[in-house]
$ cat data_30.txt   # compact mmCIF, C-alpha atoms
# COMPACT_ATOMS: atom_id res chain seq x y z
CA MET A 1 0.00 0.00 0.00
CA THR A 2 2.80 2.36 0.92
CA ALA A 3 4.68 1.43 -2.23
CA LEU A 4 1.61 2.18 -4.32
CA ALA A 5 1.22 5.60 -2.65
CA VAL A 6 4.88 6.40 -3.35
CA ALA A 7 4.58 5.34 -6.98
CA LEU A 8 1.46 7.44 -7.51
CA SER A 9 3.11 10.46 -5.87
CA PHE A 10 6.12 10.03 -8.16
CA ALA A 11 3.88 9.83 -11.19
CA VAL A 12 2.00 12.96 -10.16
CA LEU A 13 5.29 14.77 -9.68
CA LEU A 14 6.49 13.74 -13.15
CA LEU A 15 3.24 14.84 -14.76
CA GLY A 16 3.43 18.16 -12.90
CA ILE A 17 6.94 18.76 -14.21
CA LEU A 18 5.75 17.91 -17.74
CA VAL A 19 2.80 20.34 -17.48
CA VAL A 20 5.04 23.16 -16.22
CA GLY A 21 7.44 22.54 -19.11
CA LEU A 22 4.63 22.66 -21.64
CA LEU A 23 3.27 25.86 -20.17
CA ARG A 24 6.70 27.52 -20.37
CA SER A 25 7.15 26.39 -23.94
CA HIS A 26 3.71 27.76 -24.83
CA ALA A 27 4.53 31.07 -23.16
CA ASP A 28 7.77 31.32 -25.18
CA VAL A 29 5.86 30.75 -28.39
CA LEU A 30 3.30 33.43 -27.49
CA ARG A 31 6.00 35.94 -26.64
CA ALA A 32 7.81 35.27 -29.91
CA LEU A 33 4.62 35.74 -31.90
CA HIS A 34 3.79 38.92 -30.05
CA SER A 35 7.23 40.36 -30.70
CA LEU A 36 6.67 39.70 -34.42
CA GLY A 37 3.57 41.83 -34.23
CA ALA A 38 1.10 39.05 -34.66
CA GLY A 39 -0.99 40.35 -31.77
CA ILE A 40 -1.46 36.92 -30.28
CA GLY A 41 -1.22 36.40 -26.55
CA ASP A 42 -1.35 38.88 -23.71
CA PRO A 43 -1.04 42.41 -25.22
CA SER A 44 -0.17 43.82 -21.79
CA ALA A 45 2.96 41.68 -21.53
CA ASP A 46 6.23 43.56 -21.68
CA VAL A 47 7.78 42.29 -24.86
CA ASP A 48 11.04 44.17 -24.49
CA ASP A 49 11.85 42.31 -21.24
CA HIS A 50 11.83 39.07 -23.14
CA ASP A 51 13.41 40.20 -26.36
CA HIS A 52 15.76 37.52 -27.59
CA GLY A 53 17.63 39.77 -29.99
CA ALA A 54 15.23 39.73 -32.94
CA GLY A 55 13.53 43.11 -33.16
CA PRO A 56 9.95 43.59 -34.29
CA VAL A 57 9.54 43.11 -37.98
CA PRO A 58 8.19 46.31 -39.61
CA ILE A 59 5.16 45.72 -41.80
CA THR A 60 4.82 48.15 -44.72
CA MET A 61 2.17 48.22 -47.42
CA GLY A 62 3.37 47.73 -50.97
CA PRO A 63 2.29 49.87 -53.93
CA ARG A 64 -1.41 49.79 -54.68
CA LEU A 65 -2.16 47.30 -57.39
CA PRO A 66 -3.97 48.59 -60.48
CA SER A 67 -7.62 47.73 -60.86
CA GLU A 68 -8.38 44.60 -62.81
CA ARG A 69 -9.51 46.53 -65.91
CA GLY A 70 -8.93 50.15 -66.76
CA ALA A 71 -11.57 52.55 -68.04
CA ALA A 72 -9.20 54.58 -70.20
CA ALA A 73 -10.06 54.91 -73.88
CA PRO A 74 -6.84 55.27 -75.85
CA ASP A 75 -6.91 56.39 -79.47
CA VAL A 76 -6.82 53.58 -82.02
CA PHE A 77 -3.90 53.66 -84.43
CA GLY A 78 -3.59 51.11 -87.22
CA THR A 79 -4.04 50.47 -90.90
CA THR A 80 -6.99 50.08 -93.21
CA PRO A 81 -7.48 46.81 -95.11
CA ALA A 82 -5.92 48.62 -98.10
CA GLY A 83 -2.76 49.32 -96.07
CA ASP A 84 -3.33 53.03 -95.47
CA ALA A 85 -2.61 54.58 -92.08
CA VAL A 86 -5.53 55.60 -89.91
CA ALA A 87 -6.02 56.92 -86.37
CA VAL A 88 -9.35 57.24 -84.57
CA SER A 89 -9.59 59.57 -81.61
CA ALA A 90 -11.76 58.44 -78.72
CA GLY A 91 -12.85 62.02 -78.18
CA ALA A 92 -13.88 62.75 -81.75
CA ALA A 93 -17.47 61.53 -81.37
CA ASP A 94 -19.96 61.75 -78.52
CA LEU A 95 -20.16 57.98 -78.36
CA THR A 96 -17.94 55.49 -80.17
CA LEU A 97 -18.72 51.80 -80.42
CA LEU A 98 -15.50 49.86 -80.90
CA ALA A 99 -16.26 46.39 -82.23
CA PHE A 100 -13.34 43.99 -81.88
CA LEU A 101 -13.93 41.30 -84.50
CA THR A 102 -11.89 38.73 -86.38
CA GLY A 103 -12.25 37.47 -89.89
CA GLY A 104 -12.33 33.83 -88.86
CA CYS A 105 -14.67 33.51 -85.89
CA GLY A 106 -18.14 32.28 -86.74
CA THR A 107 -19.90 34.43 -84.15
CA CYS A 108 -18.31 37.55 -85.64
CA HIS A 109 -20.00 37.08 -89.01
CA ALA A 110 -23.35 38.25 -87.69
CA PHE A 111 -21.69 41.50 -86.60
CA TRP A 112 -19.81 42.11 -89.85
CA LYS A 113 -23.26 42.33 -91.43
CA GLY A 114 -25.30 43.62 -88.49
CA LEU A 115 -23.15 46.63 -87.62
CA SER A 116 -24.03 48.35 -90.87
CA THR A 117 -27.65 48.72 -89.74
CA ARG A 118 -27.21 51.37 -87.09
CA ALA A 119 -30.92 51.55 -86.33
CA ALA A 120 -30.87 47.99 -84.98
CA LEU A 121 -28.14 48.95 -82.54
CA GLY A 122 -30.02 51.88 -81.03
CA LEU A 123 -27.02 54.18 -81.14
CA PRO A 124 -27.86 57.81 -80.38
CA THR A 125 -27.21 60.71 -82.75
CA GLY A 126 -23.58 61.79 -82.76
CA SER A 127 -22.23 58.28 -82.27
CA ARG A 128 -20.18 56.14 -84.61
CA VAL A 129 -19.07 52.56 -85.13
CA VAL A 130 -15.47 51.46 -85.64
CA ILE A 131 -14.52 47.83 -86.31
CA VAL A 132 -11.10 46.83 -85.01
CA THR A 133 -9.40 43.61 -86.05
CA LYS A 134 -5.93 42.44 -85.12
CA GLY A 135 -3.07 43.84 -87.16
CA PRO A 136 -1.96 42.56 -90.57
CA GLU A 137 0.61 40.31 -88.88
CA LEU A 138 -2.26 38.29 -87.34
CA GLU A 139 -5.20 38.97 -89.64
CA SER A 140 -5.63 38.75 -93.40
CA PRO A 141 -6.24 42.26 -94.81
CA GLU A 142 -7.81 40.72 -97.91
CA LEU A 143 -10.28 38.74 -95.81
CA VAL A 144 -11.11 41.82 -93.73
CA ALA A 145 -11.57 43.92 -96.89
CA GLY A 146 -14.11 41.41 -98.13
CA LEU A 147 -16.05 41.51 -94.86
CA ALA A 148 -15.90 45.27 -94.21
CA PRO A 149 -19.37 46.84 -94.32
CA PRO A 150 -19.58 49.95 -96.51
CA GLY A 151 -19.40 53.28 -94.72
CA ILE A 152 -17.91 51.89 -91.50
CA GLU A 153 -14.31 52.48 -90.47
CA VAL A 154 -12.32 49.24 -90.23
CA ILE A 155 -8.90 49.34 -88.58
CA LEU A 156 -6.32 46.58 -88.27
CA SER A 157 -4.53 47.17 -84.98
CA THR A 158 -3.12 44.59 -82.57
CA ALA A 159 -2.09 47.43 -80.25
CA ALA A 160 -5.74 48.42 -79.81
CA TRP A 161 -6.60 44.88 -78.69
CA VAL A 162 -3.87 45.16 -76.06
CA ASP A 163 -4.88 48.69 -75.03
CA TYR A 164 -8.51 47.67 -74.55
CA GLU A 165 -7.60 44.33 -72.92
CA VAL A 166 -9.79 42.38 -75.30
CA PRO A 167 -10.23 38.84 -73.93
CA ALA A 168 -11.96 37.30 -76.95
CA ALA A 169 -13.96 38.16 -80.05
CA PRO A 170 -16.55 39.45 -80.62
CA TYR A 171 -15.94 42.07 -77.95
CA PHE A 172 -17.39 45.57 -77.75
CA ALA A 173 -16.41 48.77 -75.96
CA LEU A 174 -18.51 51.90 -75.74
CA VAL A 175 -16.48 55.07 -75.33
CA ASP A 176 -17.83 58.34 -74.00
CA GLY A 177 -16.06 60.93 -76.14
CA ARG A 178 -16.43 63.79 -73.70
CA ALA A 179 -15.03 61.90 -70.72
CA GLN A 180 -12.69 59.89 -72.98
CA ARG A 181 -13.39 56.73 -71.00
CA ARG A 182 -15.10 53.41 -71.49
CA VAL A 183 -18.64 53.46 -70.19
CA GLY A 184 -19.58 49.94 -71.21
CA GLU A 185 -17.88 46.85 -72.56
CA GLY A 186 -18.37 43.16 -72.87
CA LEU A 187 -18.81 40.11 -75.02
CA ALA A 188 -21.92 39.63 -77.12
CA SER A 189 -22.90 36.78 -79.38
CA THR A 190 -25.85 38.42 -81.13
CA VAL A 191 -26.70 41.88 -82.41
CA GLU A 192 -29.65 41.93 -80.00
CA GLN A 193 -27.33 41.39 -77.02
CA LEU A 194 -25.14 44.22 -78.24
CA ALA A 195 -28.15 46.49 -78.67
CA GLY A 196 -29.12 45.66 -75.08
CA LEU A 197 -25.68 46.68 -73.86
CA ILE A 198 -25.90 49.95 -75.76
CA GLN A 199 -29.38 50.68 -74.46
CA ARG A 200 -28.34 50.09 -70.86
CA VAL A 201 -25.42 52.47 -71.19
CA VAL A 202 -27.43 55.13 -73.01
CA ALA A 203 -30.23 54.86 -70.44
CA ASP A 204 -27.71 55.40 -67.64
CA GLY A 205 -28.42 58.86 -66.28
CA ASN A 206 -24.75 59.56 -65.63
CA HIS A 207 -24.02 59.97 -69.31
CA ARG A 208 -25.35 62.45 -71.82
CA PHE A 209 -24.48 61.44 -75.32
CA ALA A 210 -26.73 63.73 -77.26
CA PRO A 211 -24.59 66.57 -78.57
CA ALA A 212 -24.88 69.77 -76.62
CA ARG A 213 -27.06 72.12 -78.63
CA THR A 214 -27.17 75.82 -78.14
CA HIS A 215 -29.71 78.04 -79.79
CA LEU A 216 -28.52 78.70 -83.31
CA ASP A 217 -29.78 81.09 -85.89
CA GLY A 218 -29.08 82.12 -89.47
CA PRO A 219 -26.37 80.26 -91.37
CA GLU A 220 -25.20 78.42 -88.25
CA ARG A 221 -28.63 76.85 -87.87
CA GLU A 222 -28.55 75.84 -91.52
CA VAL A 223 -25.18 74.17 -91.07
CA ASP A 224 -26.42 72.48 -87.91
CA ASN A 225 -29.45 71.14 -89.76
CA ASP A 226 -27.26 69.82 -92.57
CA ARG A 227 -25.03 68.10 -90.06
CA ALA A 228 -27.96 66.39 -88.35
CA LEU A 229 -29.38 65.24 -91.69
CA LEU A 230 -26.03 63.87 -92.86
CA ALA A 231 -25.53 62.06 -89.56
CA SER A 232 -28.86 60.36 -90.19
CA GLY A 233 -27.81 59.34 -93.68
CA ILE A 234 -29.83 62.00 -95.50
CA GLY A 235 -27.63 63.77 -98.02
CA PRO A 236 -28.26 66.36 -100.71
CA GLY A 237 -30.86 65.17 -103.19
CA ASP A 238 -32.30 62.54 -100.86
CA PRO A 239 -35.90 61.78 -101.99
CA SER A 240 -37.20 62.24 -98.43
CA LEU A 241 -36.35 65.93 -98.72
CA TYR A 242 -38.84 66.34 -101.57
CA PRO A 243 -42.10 64.70 -100.46
CA THR A 244 -44.84 64.62 -103.05
CA SER A 245 -47.50 64.67 -100.37
CA THR A 246 -47.57 65.61 -96.72
CA HIS A 247 -49.63 62.46 -96.12
CA ALA A 248 -47.19 60.13 -97.79
CA ALA A 249 -45.45 59.17 -94.57
CA SER A 250 -48.63 58.12 -92.83
CA GLU A 251 -50.06 56.16 -95.67
CA MET B 1 1.48 61.22 -78.76
CA ARG B 2 1.44 58.46 -81.36
CA THR B 3 2.48 58.73 -84.96
CA LEU B 4 0.56 58.05 -88.13
CA ALA B 5 2.80 57.21 -91.08
CA ALA B 6 2.22 56.11 -94.66
CA HIS B 7 3.14 57.02 -98.23
CA GLY B 8 6.06 59.21 -97.20
CA LEU B 9 4.09 61.30 -94.70
CA ARG B 10 4.40 61.13 -90.92
CA ALA B 11 2.13 62.89 -88.44
CA ALA B 12 2.47 62.97 -84.66
CA LEU B 13 -1.15 63.62 -83.77
CA PRO B 14 -1.88 65.95 -80.84
CA VAL B 15 -4.54 64.87 -78.36
CA GLY B 16 -8.02 65.22 -79.84
CA PHE B 17 -6.97 64.81 -83.48
CA GLU B 18 -7.52 61.81 -85.66
CA GLY B 19 -6.39 61.21 -89.20
CA ARG B 20 -5.93 59.07 -92.24
CA ILE B 21 -3.12 58.90 -94.82
CA HIS B 22 -4.07 57.04 -97.95
CA ARG B 23 -3.76 56.77 -101.69
CA HIS B 24 -6.51 56.13 -104.16
CA GLU B 25 -6.36 52.88 -106.03
CA PRO B 26 -5.12 53.91 -109.48
CA ALA B 27 -6.88 53.05 -112.68
CA ALA B 28 -4.88 51.60 -115.55
CA GLY B 29 -2.05 53.92 -116.55
CA GLU B 30 -2.90 56.31 -113.77
CA GLN B 31 -0.73 57.50 -110.91
CA THR B 32 -2.05 58.38 -107.50
CA TYR B 33 -0.40 60.24 -104.65
CA ALA B 34 -0.72 60.66 -100.93
CA VAL B 35 -3.79 62.27 -99.38
CA ALA B 36 -3.81 63.00 -95.64
CA HIS B 37 -6.87 64.06 -93.66
CA PHE B 38 -6.79 65.30 -90.08
CA SER B 39 -9.71 66.35 -87.93
CA THR B 40 -10.91 67.00 -84.41
CA PHE B 41 -14.20 65.26 -85.14
CA ALA B 42 -15.18 61.81 -86.35
CA LEU B 43 -13.81 61.59 -89.86
CA PRO B 44 -16.18 59.67 -92.16
CA PRO B 45 -14.40 56.90 -94.06
CA THR B 46 -15.92 58.23 -97.28
CA THR B 47 -14.45 61.74 -96.94
CA ALA B 48 -13.63 63.23 -100.32
CA ASP B 49 -10.16 64.56 -101.01
CA PHE B 50 -10.98 68.16 -100.11
CA GLY B 51 -13.28 67.27 -97.25
CA ASN B 52 -16.69 66.98 -98.83
CA GLY B 53 -18.72 64.73 -96.56
CA ALA B 54 -16.64 65.76 -93.55
CA VAL B 55 -16.76 69.56 -93.36
CA GLN B 56 -20.55 69.37 -93.21
CA LEU B 57 -20.19 67.55 -89.88
CA MET B 58 -17.96 70.18 -88.29
CA ALA B 59 -18.97 72.01 -85.14
CA THR B 60 -17.78 75.56 -84.65
CA ARG B 61 -14.85 74.40 -82.47
CA ASP B 62 -13.58 71.85 -85.01
CA ILE B 63 -10.56 71.77 -87.30
CA PHE B 64 -10.17 69.89 -90.55
CA ALA B 65 -6.96 69.76 -92.60
CA VAL B 66 -6.03 68.15 -95.92
CA LEU B 67 -2.53 67.56 -97.22
CA LEU B 68 -2.78 66.45 -100.83
CA GLU B 69 0.15 65.53 -103.02
CA TYR B 70 0.35 66.30 -106.74
CA GLY B 71 2.42 64.69 -109.49
CA THR B 72 6.05 65.63 -109.78
CA GLU B 73 5.31 67.44 -113.05
CA SER B 74 3.89 70.24 -110.89
CA VAL B 75 7.29 70.99 -109.39
CA GLY B 76 8.63 74.23 -110.85
CA ARG B 77 5.27 75.68 -111.77
CA ARG B 78 4.37 79.12 -110.45
CA LEU B 79 1.52 77.79 -108.33
CA PHE B 80 4.03 75.70 -106.41
CA ALA B 81 6.67 78.42 -106.05
CA ASP B 82 6.69 78.28 -102.24
CA HIS B 83 9.11 75.93 -100.54
CA GLY B 84 8.23 74.16 -97.31
CA MET B 85 4.86 73.50 -95.76
CA PRO B 86 3.46 76.51 -93.89
CA ARG B 87 3.04 75.62 -90.22
CA ALA B 88 2.09 78.93 -88.65
CA PHE B 89 -1.05 80.76 -89.70
CA GLU B 90 -2.56 83.98 -88.45
CA HIS B 91 -6.24 84.72 -88.23
CA ARG B 92 -6.03 87.07 -91.21
CA ASP B 93 -4.88 84.19 -93.41
CA PHE B 94 -8.33 82.61 -93.19
CA SER B 95 -11.36 83.66 -95.17
CA ARG B 96 -14.98 82.65 -95.46
CA LEU B 97 -14.67 82.56 -99.23
CA ALA B 98 -12.01 79.84 -99.12
CA ALA B 99 -14.38 77.60 -97.16
CA ARG B 100 -16.59 75.60 -99.48
CA ASP B 101 -19.56 75.06 -97.22
CA GLY B 102 -21.29 78.08 -98.67
CA SER B 103 -22.78 79.09 -95.34
CA GLY B 104 -20.31 81.78 -94.35
CA VAL B 105 -19.81 80.18 -90.94
CA GLN B 106 -16.61 78.27 -91.63
CA SER B 107 -13.25 79.73 -92.53
CA ALA B 108 -10.44 78.26 -94.59
CA VAL B 109 -7.03 78.75 -96.11
CA GLN B 110 -5.24 76.95 -98.92
CA ARG B 111 -1.55 76.99 -99.77
CA PHE B 112 0.48 75.28 -102.50
CA PHE B 113 4.11 74.40 -101.92
CA VAL B 114 6.94 71.96 -102.59
CA GLU B 115 8.76 70.13 -99.82
CA GLY B 116 11.36 67.44 -100.28
CA GLY B 117 10.83 67.59 -104.02
CA ARG B 118 7.13 66.76 -103.64
CA PRO B 119 4.38 69.23 -104.58
CA PHE B 120 1.49 69.57 -102.15
CA THR B 121 -1.51 71.64 -101.29
CA LEU B 122 -2.51 72.23 -97.68
CA TYR B 123 -6.18 73.06 -97.15
CA VAL B 124 -7.36 73.92 -93.65
CA VAL B 125 -10.96 74.52 -92.57
CA LEU B 126 -11.92 75.99 -89.21
CA GLY B 127 -15.42 75.48 -87.86
CA SER B 128 -16.02 79.14 -87.17
CA HIS B 129 -14.70 82.24 -88.91
CA LEU B 130 -15.61 84.37 -85.90
CA GLY B 131 -13.91 81.97 -83.48
CA ARG B 132 -10.89 81.19 -85.65
CA ARG B 133 -8.33 82.78 -83.31
CA ALA B 134 -9.01 80.18 -80.64
CA LEU B 135 -8.33 77.36 -83.13
CA LEU B 136 -4.93 78.58 -84.32
CA ALA B 137 -2.95 77.05 -81.43
CA PRO B 138 -4.24 73.47 -81.85
CA LEU B 139 -3.83 73.84 -85.62
CA ARG B 140 -0.22 74.87 -85.10
CA SER B 141 0.45 71.84 -82.89
CA LEU B 142 -0.99 69.59 -85.61
CA LEU B 143 1.06 71.15 -88.42
CA ASP B 144 4.24 71.12 -86.33
CA GLY B 145 3.90 67.35 -86.00
CA ILE B 146 3.65 66.68 -89.74
CA HIS B 147 6.80 65.52 -91.49
CA ILE B 148 7.14 65.06 -95.24
CA GLU B 149 9.68 62.46 -96.26
CA PRO B 150 12.18 64.18 -98.54
CA ARG B 151 12.91 61.25 -100.73
CA PRO B 152 10.59 60.79 -103.67
CA VAL B 153 8.06 58.02 -103.15
CA ARG B 154 7.30 55.84 -106.09
CA PRO B 155 3.60 56.29 -106.88
CA ARG B 156 1.27 53.37 -107.42
CA VAL B 157 1.06 52.60 -111.11
CA ILE B 158 -1.11 50.05 -112.84
CA GLY B 159 -0.83 49.12 -116.44
$ encode --input "data_30.txt" --output "structure tokens"
Amino acid sequence: MTALAVALSFAVLLLGILVVGLLRSHADVLRALHSLGAGIGDPSADVDDHDHGAGPVPITMGPRLPSERGAAAPDVFGTTPAGDAVAVSAGAADLTLLAFLTGGCGTCHAFWKGLSTRAALGLPTGSRVVIVTKGPELESPELVAGLAPPGIEVILSTAAWVDYEVPAAPYFALVDGRAQRRVGEGLASTVEQLAGLIQRVVADGNHRFAPARTHLDGPEREVDNDRALLASGIGPGDPSLYPTSTHAASE
Amino acid sequence: MRTLAAHGLRAALPVGFEGRIHRHEPAAGEQTYAVAHFSTFALPPTTADFGNGAVQLMATRDIFAVLLEYGTESVGRRLFADHGMPRAFEHRDFSRLAARDGSGVQSAVQRFFVEGGRPFTLYVVLGSHLGRRALLAPLRSLLDGIHIEPRPVRPRVIG
């Protein structure tokens, strides 16, 4: 009985020593973490008293990373399918639709045809459409020339694809000319989807794309009228300027 | 500032300007030469050589410029007596009569010259005759950035 009591006491003593050792080891770990600024453990503890030579590690913030996608609208420099040099300024029109297409992708074919019908896109007055393909080193100018819709600027420019961070074709970017920034962009697989994108941007109250009009009179008003008619595709001699009857339109 | 270059012409475009340097496709036995258009507004792809189709779209704050090359047979003629492209204009150089819009609102100037052995005409239209002074500085920055290659460029010839 006595031997058993002695053995148990010895075991308790050993376990006590083990627990004290573990507690000291744990305290050392906490102090080390606290001195590194991790904020773990007792914040009221005096770290300096237990400094083992390694000073606190300063934590500094690195440079702010750029946002995932920029909103800048750089000018587009490139060549025409005929090899001529062309540059389109993002600020030259109230609203510019940049359509990034390729000659080979099947989805793009609907847009090579569909972009020529501006009415289907719902673009406001004072806007324009520019088709941008990759440069002649990656795209066939002859193929692009065959696809180019009449009356729409087509530019071959790999740099523009990089500038606008185009992920895939067909891709579209709407540029506000006054702010010279992108106000809408994205992929679309049908002309209807693209028209929806345009309508959402145009309906956004933060943007005014209609050209600012001041009251004009005399020759300036005449020039302004001519400009509006030309922008709508009505040139000199257009039959709609000479109606035979005022009721013709309603009949 | 990025540079537009083709057919022996180079233009460092100031902010707000766009442009196109092209040559017409020649017919058989015909020669064609460089035509450069610059504007502060959306330049229609169908703009005629002297701006028809584009000047009608100009607002009063806009600038349109044409640099059109002629055949080398024009070198030495009296019309092309001036040497070097004019790059600095004053407001008195512009007139309503030189503008071809017929409205009296726009103002224009035209000069003929030879540079680098190549005969050219420079035709500049400002959106407003009354406001032309304010447009002279951006016009100057455009013209200062235009460089005409001195060496003769072989024109496109078919036939």
$ closest_residue --input "data_30.txt" --among "B:Thr3, B:Thr32, B:Thr47, B:Thr40" --to "A:Gly91" --atoms "only C-alpha atoms"
B:Thr40
$ residues_near_point --input "data_30.txt" --point "(-16.2, 66.4, -97.3)" --cutoff "12 Å" --atoms "only C-alpha atoms" --output "ChimeraX atom specification"
/A:227,230,235 /B:37-39,42-58,64-66,99-101,125
$ interface_residues --input "data_30.txt" --of "chain A" --to "chain B" --cutoff "6 Å" --atoms "all atoms listed in the file" --output "ChimeraX atom specification"
/A:84-89,92-93,153,219,227
$ atom_distance --input "data_30.txt" --atom1 "atom CA of B:Leu143" --atom2 "atom CA of B:Val35"
14.9 Å
$ atom_distance --input "data_30.txt" --atom1 "atom CA of B:Leu135" --atom2 "atom CA of B:Arg92"
12.8 Å
$ residues_near_point --input "data_30.txt" --point "(-1.3, 40.9, -91.1)" --cutoff "10 Å" --atoms "all atoms listed in the file" --output "PyMOL selection string"
chain A and resi 79+81+83+133-142+156-158
